[in-house]
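Undergrad: I am attaching a structure below and will ask some questions about it afterwards.
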Amino acid sequence: MSLIHKTSQDLFHRAQQSIPGGVNSPVRAFRAVGGQPLFLKSAKGPYLFDEDGNQYLDLINSWGPMILGHAHEMVEKAVRDALPGSLSFGAPTRREVEMAELIISMVPSVEKVRMVNSGTEATMSAIRVARGFTGRDKIIKFEGCYHGHGDSFLIAAGSGAITLGVPDSPGVTKGVANDTLTAPYNDLAAVQTLIDANPAQIAAIILEPVVGNMGLVAPAEGFLQGLRDLCTKENIVLIFDEVMTGFRLAKGGAQELYGVTPDMTTLGKIIGGGMPVGAYGGKKEIMNAVAPAGPVYQAGTLSGNPIAMSAGMAALSYLNEHPEVYTQLQHITDKLVNGTMLNMKQLGLNYTINQVGSMYSLFFTEHPVTDFASAKTSDLELFGRYFHEMLQRGIYLAPSQFETLFVSAAITDELADSYLAANLEALQALKA
Ligand code: PMP
């Protein structure tokens, strides 16, 4: 069996002449797994279709946003209905107020919220506000967490940065880098040490409450609450970056699932229903520091874009009104994860699988994966071979060991069975 990728290959060749590396975001280039990226043409429900007409079961779902599956009728209708209004005003609209109210009603920590256009903008803005609010300069982030490509975050960064071997990017000045302190994920003692060494200098601690960017890593028992307690004691702004986990792990995100409320939250992905949207929000007293209410400047010509707001409202309202989606996502993901474990058992393999809700990762290591150091014990060559064995069987996985998979509500029990059949064959092929 061998799928034809001729058109994708031709397009990639052309793309490399006009776009750096042929792609508009690095992980897409398949560098970590070898081979050439597929150029996609359309998608419907659980499926992707490439330029050569091949069909794939999608386990990335645009890195999260397509939680209801691709081309969901209700989201598409919302976009069509909004089109005659305007593509952009750059002025206030009713829809933005409704969107803000909906987010506030769903996400426990958010009392006020500002819309932006990407997850990167959300995190960059959130730390500026935390710095302005506290009058302090330094932030703490965790090794292997990714918070977009803002300068302050390209220090020990996960996701594409580690996939391409550049966790500390050239182009970030020493001054900026010096203000970002890093600790291993799940290591409260290391955080305490950093705070002790920098008294009254830490503006914010930012983290993925469940990490998706070193593969899927869950917070250890007590880690989130421990950070909450430290931040309260030291007047540090605790920021949960829920760009991946927001509206996915529960309608109120990881903070609802784990019952720990940060001071600020950054959001993206699902919030736009597939359109480019991000947001940051939090306690009123902090968000009132944002211009024009307060002195911390942050702005955006296209922020609150009417079409993007309509798509996002449709997706979020659906999730708000249909809690059964989360039950279904959990059921299907449990099935994929448990089935993979059974397949491995049958083949005498003992790789690690991490799962929280509808996010999961298969790590090609027998070590438990709880932080960046343990994630890096994975056999990346084996992962690359597994990725291609699955792709050949019509399953589209994230093209890096250091990315989580995202399940959509369009994956039925039957499709989960076909995934597991492919998984058994792919794992078998690796042993050969
Ligand atoms: N934060 C997290 C946790 C992310 O996973 C990402 C993107 N994967 C970002 C921020 C940046 O979002 P964007 O790519 O929309 O800028």
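Residues are referred to by chain and number: the chain letter is A, B, ... according to the order shown in the structure tokens, the number counts from 1 in that chain, and ligands are numbered separately from 1 in the order shown.
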Taking 2 positions as the minimum chain separation for residues in the same chain, which residues sit within 10 Å of A:Ser303 when counting only C-alpha atoms? Answer as a list of chain:residue names.
TA: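 What passes the distance filter is A:Ser88, A:Phe89, A:Gly90, A:Ala91, A:Pro92, A:Glu96, A:Arg114, A:Met115, A:Val116, A:Asn117, A:Ser118, A:Pro276, A:Val277, A:Gly278, A:Ala279, A:Ala299, A:Gly300, A:Thr301, A:Asn305, A:Pro306, A:Ala308, A:Met309.
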Undergrad: Would you list the contacts of stretch 202-216 of chain A as a list in words, taking every protein, DNA or RNA residue within 6 Å and counting only C-alpha atoms, but skipping same-chain residues closer than 5 positions in sequence?
TA: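 In the requested format, the answer is Ala130, Arg131, Thr134, Arg136, Asp137, Lys138, Ile139, Ile140, Lys141, Gly144, Cys145, Tyr146, Gly158, Ser159, Ile236, Val237, Leu238, Ile239, Phe240, Asp241, Asn354, Tyr360, Ser361, Phe402, Glu403 and Thr404 of chain A.
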Undergrad: With N, CA and C atoms retained, export the selected residues as a PDB file, in the first residue's frame.
TA:
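Writing done, so here's again00.pdb:
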ATOM      1  N   ALA A 130       0.573  41.843  33.248  1.00  0.00           N
ATOM      2  CA  ALA A 130       1.030  41.394  34.570  1.00  0.00           C
ATOM      3  C   ALA A 130       2.210  42.247  35.036  1.00  0.00           C
ATOM      4  N   ARG A 131       3.101  42.589  34.106  1.00  0.00           N
ATOM      5  CA  ARG A 131       4.256  43.429  34.463  1.00  0.00           C
ATOM      6  C   ARG A 131       3.794  44.837  34.835  1.00  0.00           C
ATOM      7  N   THR A 134       1.997  44.739  38.287  1.00  0.00           N
ATOM      8  CA  THR A 134       2.814  44.484  39.486  1.00  0.00           C
ATOM      9  C   THR A 134       4.002  45.445  39.591  1.00  0.00           C
ATOM     10  N   ARG A 136       6.773  44.799  38.206  1.00  0.00           N
ATOM     11  CA  ARG A 136       7.955  43.917  38.236  1.00  0.00           C
ATOM     12  C   ARG A 136       8.278  43.457  36.806  1.00  0.00           C
ATOM     13  N   ASP A 137       9.512  42.991  36.577  1.00  0.00           N
ATOM     14  CA  ASP A 137       9.943  42.671  35.211  1.00  0.00           C
ATOM     15  C   ASP A 137      10.009  41.185  34.867  1.00  0.00           C
ATOM     16  N   LYS A 138      10.347  40.352  35.840  1.00  0.00           N
ATOM     17  CA  LYS A 138      10.671  38.960  35.491  1.00  0.00           C
ATOM     18  C   LYS A 138       9.422  38.068  35.432  1.00  0.00           C
ATOM     19  N   ILE A 139       9.543  37.028  34.604  1.00  0.00           N
ATOM     20  CA  ILE A 139       8.474  36.013  34.599  1.00  0.00           C
ATOM     21  C   ILE A 139       9.114  34.629  34.761  1.00  0.00           C
ATOM     22  N   ILE A 140       8.321  33.703  35.255  1.00  0.00           N
ATOM     23  CA  ILE A 140       8.763  32.297  35.306  1.00  0.00           C
ATOM     24  C   ILE A 140       7.930  31.508  34.310  1.00  0.00           C
ATOM     25  N   LYS A 141       8.616  30.758  33.440  1.00  0.00           N
ATOM     26  CA  LYS A 141       7.916  29.796  32.586  1.00  0.00           C
ATOM     27  C   LYS A 141       8.536  28.422  32.805  1.00  0.00           C
ATOM     28  N   GLY A 144       9.866  23.417  28.197  1.00  0.00           N
ATOM     29  CA  GLY A 144       9.031  22.576  27.329  1.00  0.00           C
ATOM     30  C   GLY A 144       7.635  23.109  27.128  1.00  0.00           C
ATOM     31  N   CYS A 145       7.239  24.142  27.905  1.00  0.00           N
ATOM     32  CA  CYS A 145       5.945  24.771  27.631  1.00  0.00           C
ATOM     33  C   CYS A 145       6.130  25.740  26.476  1.00  0.00           C
ATOM     34  N   TYR A 146       5.119  25.855  25.637  1.00  0.00           N
ATOM     35  CA  TYR A 146       5.153  26.793  24.516  1.00  0.00           C
ATOM     36  C   TYR A 146       4.024  27.792  24.708  1.00  0.00           C
ATOM     37  N   GLY A 158       8.838  24.676  24.013  1.00  0.00           N
ATOM     38  CA  GLY A 158       8.451  23.374  23.468  1.00  0.00           C
ATOM     39  C   GLY A 158       7.927  23.509  22.049  1.00  0.00           C
ATOM     40  N   SER A 159       7.057  22.576  21.654  1.00  0.00           N
ATOM     41  CA  SER A 159       6.380  22.586  20.365  1.00  0.00           C
ATOM     42  C   SER A 159       7.388  22.615  19.212  1.00  0.00           C
ATOM     43  N   ILE A 236       2.299  37.359  43.045  1.00  0.00           N
ATOM     44  CA  ILE A 236       2.685  37.091  41.650  1.00  0.00           C
ATOM     45  C   ILE A 236       1.409  36.765  40.875  1.00  0.00           C
ATOM     46  N   VAL A 237       1.326  37.255  39.633  1.00  0.00           N
ATOM     47  CA  VAL A 237       0.145  36.969  38.813  1.00  0.00           C
ATOM     48  C   VAL A 237       0.283  35.555  38.228  1.00  0.00           C
ATOM     49  N   LEU A 238      -0.659  34.697  38.556  1.00  0.00           N
ATOM     50  CA  LEU A 238      -0.638  33.331  38.008  1.00  0.00           C
ATOM     51  C   LEU A 238      -1.426  33.317  36.701  1.00  0.00           C
ATOM     52  N   ILE A 239      -0.739  32.941  35.604  1.00  0.00           N
ATOM     53  CA  ILE A 239      -1.393  32.917  34.286  1.00  0.00           C
ATOM     54  C   ILE A 239      -1.480  31.479  33.781  1.00  0.00           C
ATOM     55  N   PHE A 240      -2.682  31.015  33.560  1.00  0.00           N
ATOM     56  CA  PHE A 240      -2.853  29.726  32.885  1.00  0.00           C
ATOM     57  C   PHE A 240      -2.968  30.007  31.387  1.00  0.00           C
ATOM     58  N   ASP A 241      -2.057  29.425  30.622  1.00  0.00           N
ATOM     59  CA  ASP A 241      -2.166  29.509  29.167  1.00  0.00           C
ATOM     60  C   ASP A 241      -3.047  28.352  28.716  1.00  0.00           C
ATOM     61  N   ASN A 354       0.175   9.269  27.667  1.00  0.00           N
ATOM     62  CA  ASN A 354      -0.426  10.244  28.580  1.00  0.00           C
ATOM     63  C   ASN A 354      -1.731  10.737  27.982  1.00  0.00           C
ATOM     64  N   TYR A 360      -4.110  13.466  23.953  1.00  0.00           N
ATOM     65  CA  TYR A 360      -3.251  12.364  24.379  1.00  0.00           C
ATOM     66  C   TYR A 360      -2.005  12.274  23.501  1.00  0.00           C
ATOM     67  N   SER A 361      -0.990  11.589  24.029  1.00  0.00           N
ATOM     68  CA  SER A 361       0.266  11.370  23.293  1.00  0.00           C
ATOM     69  C   SER A 361       0.788   9.973  23.565  1.00  0.00           C
ATOM     70  N   PHE A 402       6.732  15.972  20.021  1.00  0.00           N
ATOM     71  CA  PHE A 402       6.492  16.999  21.034  1.00  0.00           C
ATOM     72  C   PHE A 402       5.223  17.807  20.756  1.00  0.00           C
ATOM     73  N   GLU A 403       4.194  17.111  20.332  1.00  0.00           N
ATOM     74  CA  GLU A 403       2.875  17.715  20.136  1.00  0.00           C
ATOM     75  C   GLU A 403       1.846  16.710  20.634  1.00  0.00           C
ATOM     76  N   THR A 404       0.745  17.232  21.154  1.00  0.00           N
ATOM     77  CA  THR A 404      -0.330  16.339  21.579  1.00  0.00           C
ATOM     78  C   THR A 404      -1.243  16.034  20.384  1.00  0.00           C
TER      79      THR A 404
END
Undergrad: Could you jot down the atom CA of A:Gly394 to atom CA of A:Gln55 separation for me, Å, one decimal place?
TA: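 Separation between atom CA of A:Gly394 and atom CA of A:Gln55: 6.4 Å.
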Undergrad: Run DSSP on the backbone and grab whatever in stretch 159-263 of chain A lands in helix (DSSP H, G or I); send it over as a PyMOL selection string.
TA: chain A and resi 159-163+174-178+188-197+223-234+253-258
Undergrad: Any idea what's packed within 6 Å of A:Tyr56, counting only C-alpha atoms, ignoring anything in its chain fewer than 6 positions away? Could you give it as a count of residues only?
TA: 5
Undergrad: When distances are computed from only C-alpha atoms and all ligand atoms, which of A:Leu38, A:Ala157, A:Leu194, A:Val113 shows the smallest separation from ligand 1?
TA: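 Counting only C-alpha atoms and all ligand atoms, the residue closest to ligand 1 is A:Ala157.
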Undergrad: Considering only C-alpha atoms and all ligand atoms, can you say which of A:Met99, A:Ile411, A:Leu319, A:Ala126 comes closest to ligand 1?
TA: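 Using only C-alpha atoms and all ligand atoms, ligand 1 sits closest to A:Ala126.
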Undergrad: Find the spatial neighbours of A:Ala43, counting only C-alpha atoms, within a cut-off of 12 Å - ignore same-chain residues fewer than 4 positions away - and output them as a ChimeraX atom specification.
TA: /A:39,47-51,53-58,61-62,66,69-72,410
Undergrad: Check the smallest atom-to-atom distance from each of A:Val172, A:Leu249, A:Leu347, A:Met275 to ligand 1 using only C-alpha atoms and all ligand atoms, then report the winner.
TA: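 Checking each of A:Val172, A:Leu249, A:Leu347, A:Met275 against ligand 1, counting only C-alpha atoms and all ligand atoms, the winner is A:Met275.
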Undergrad: Could you tell me how far atom CA of A:Thr333 lies from atom CA of A:Ala156, in Å and to one decimal?
TA: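 If I compute the distance from atom CA of A:Thr333 to atom CA of A:Ala156, I get 29.5 Å.
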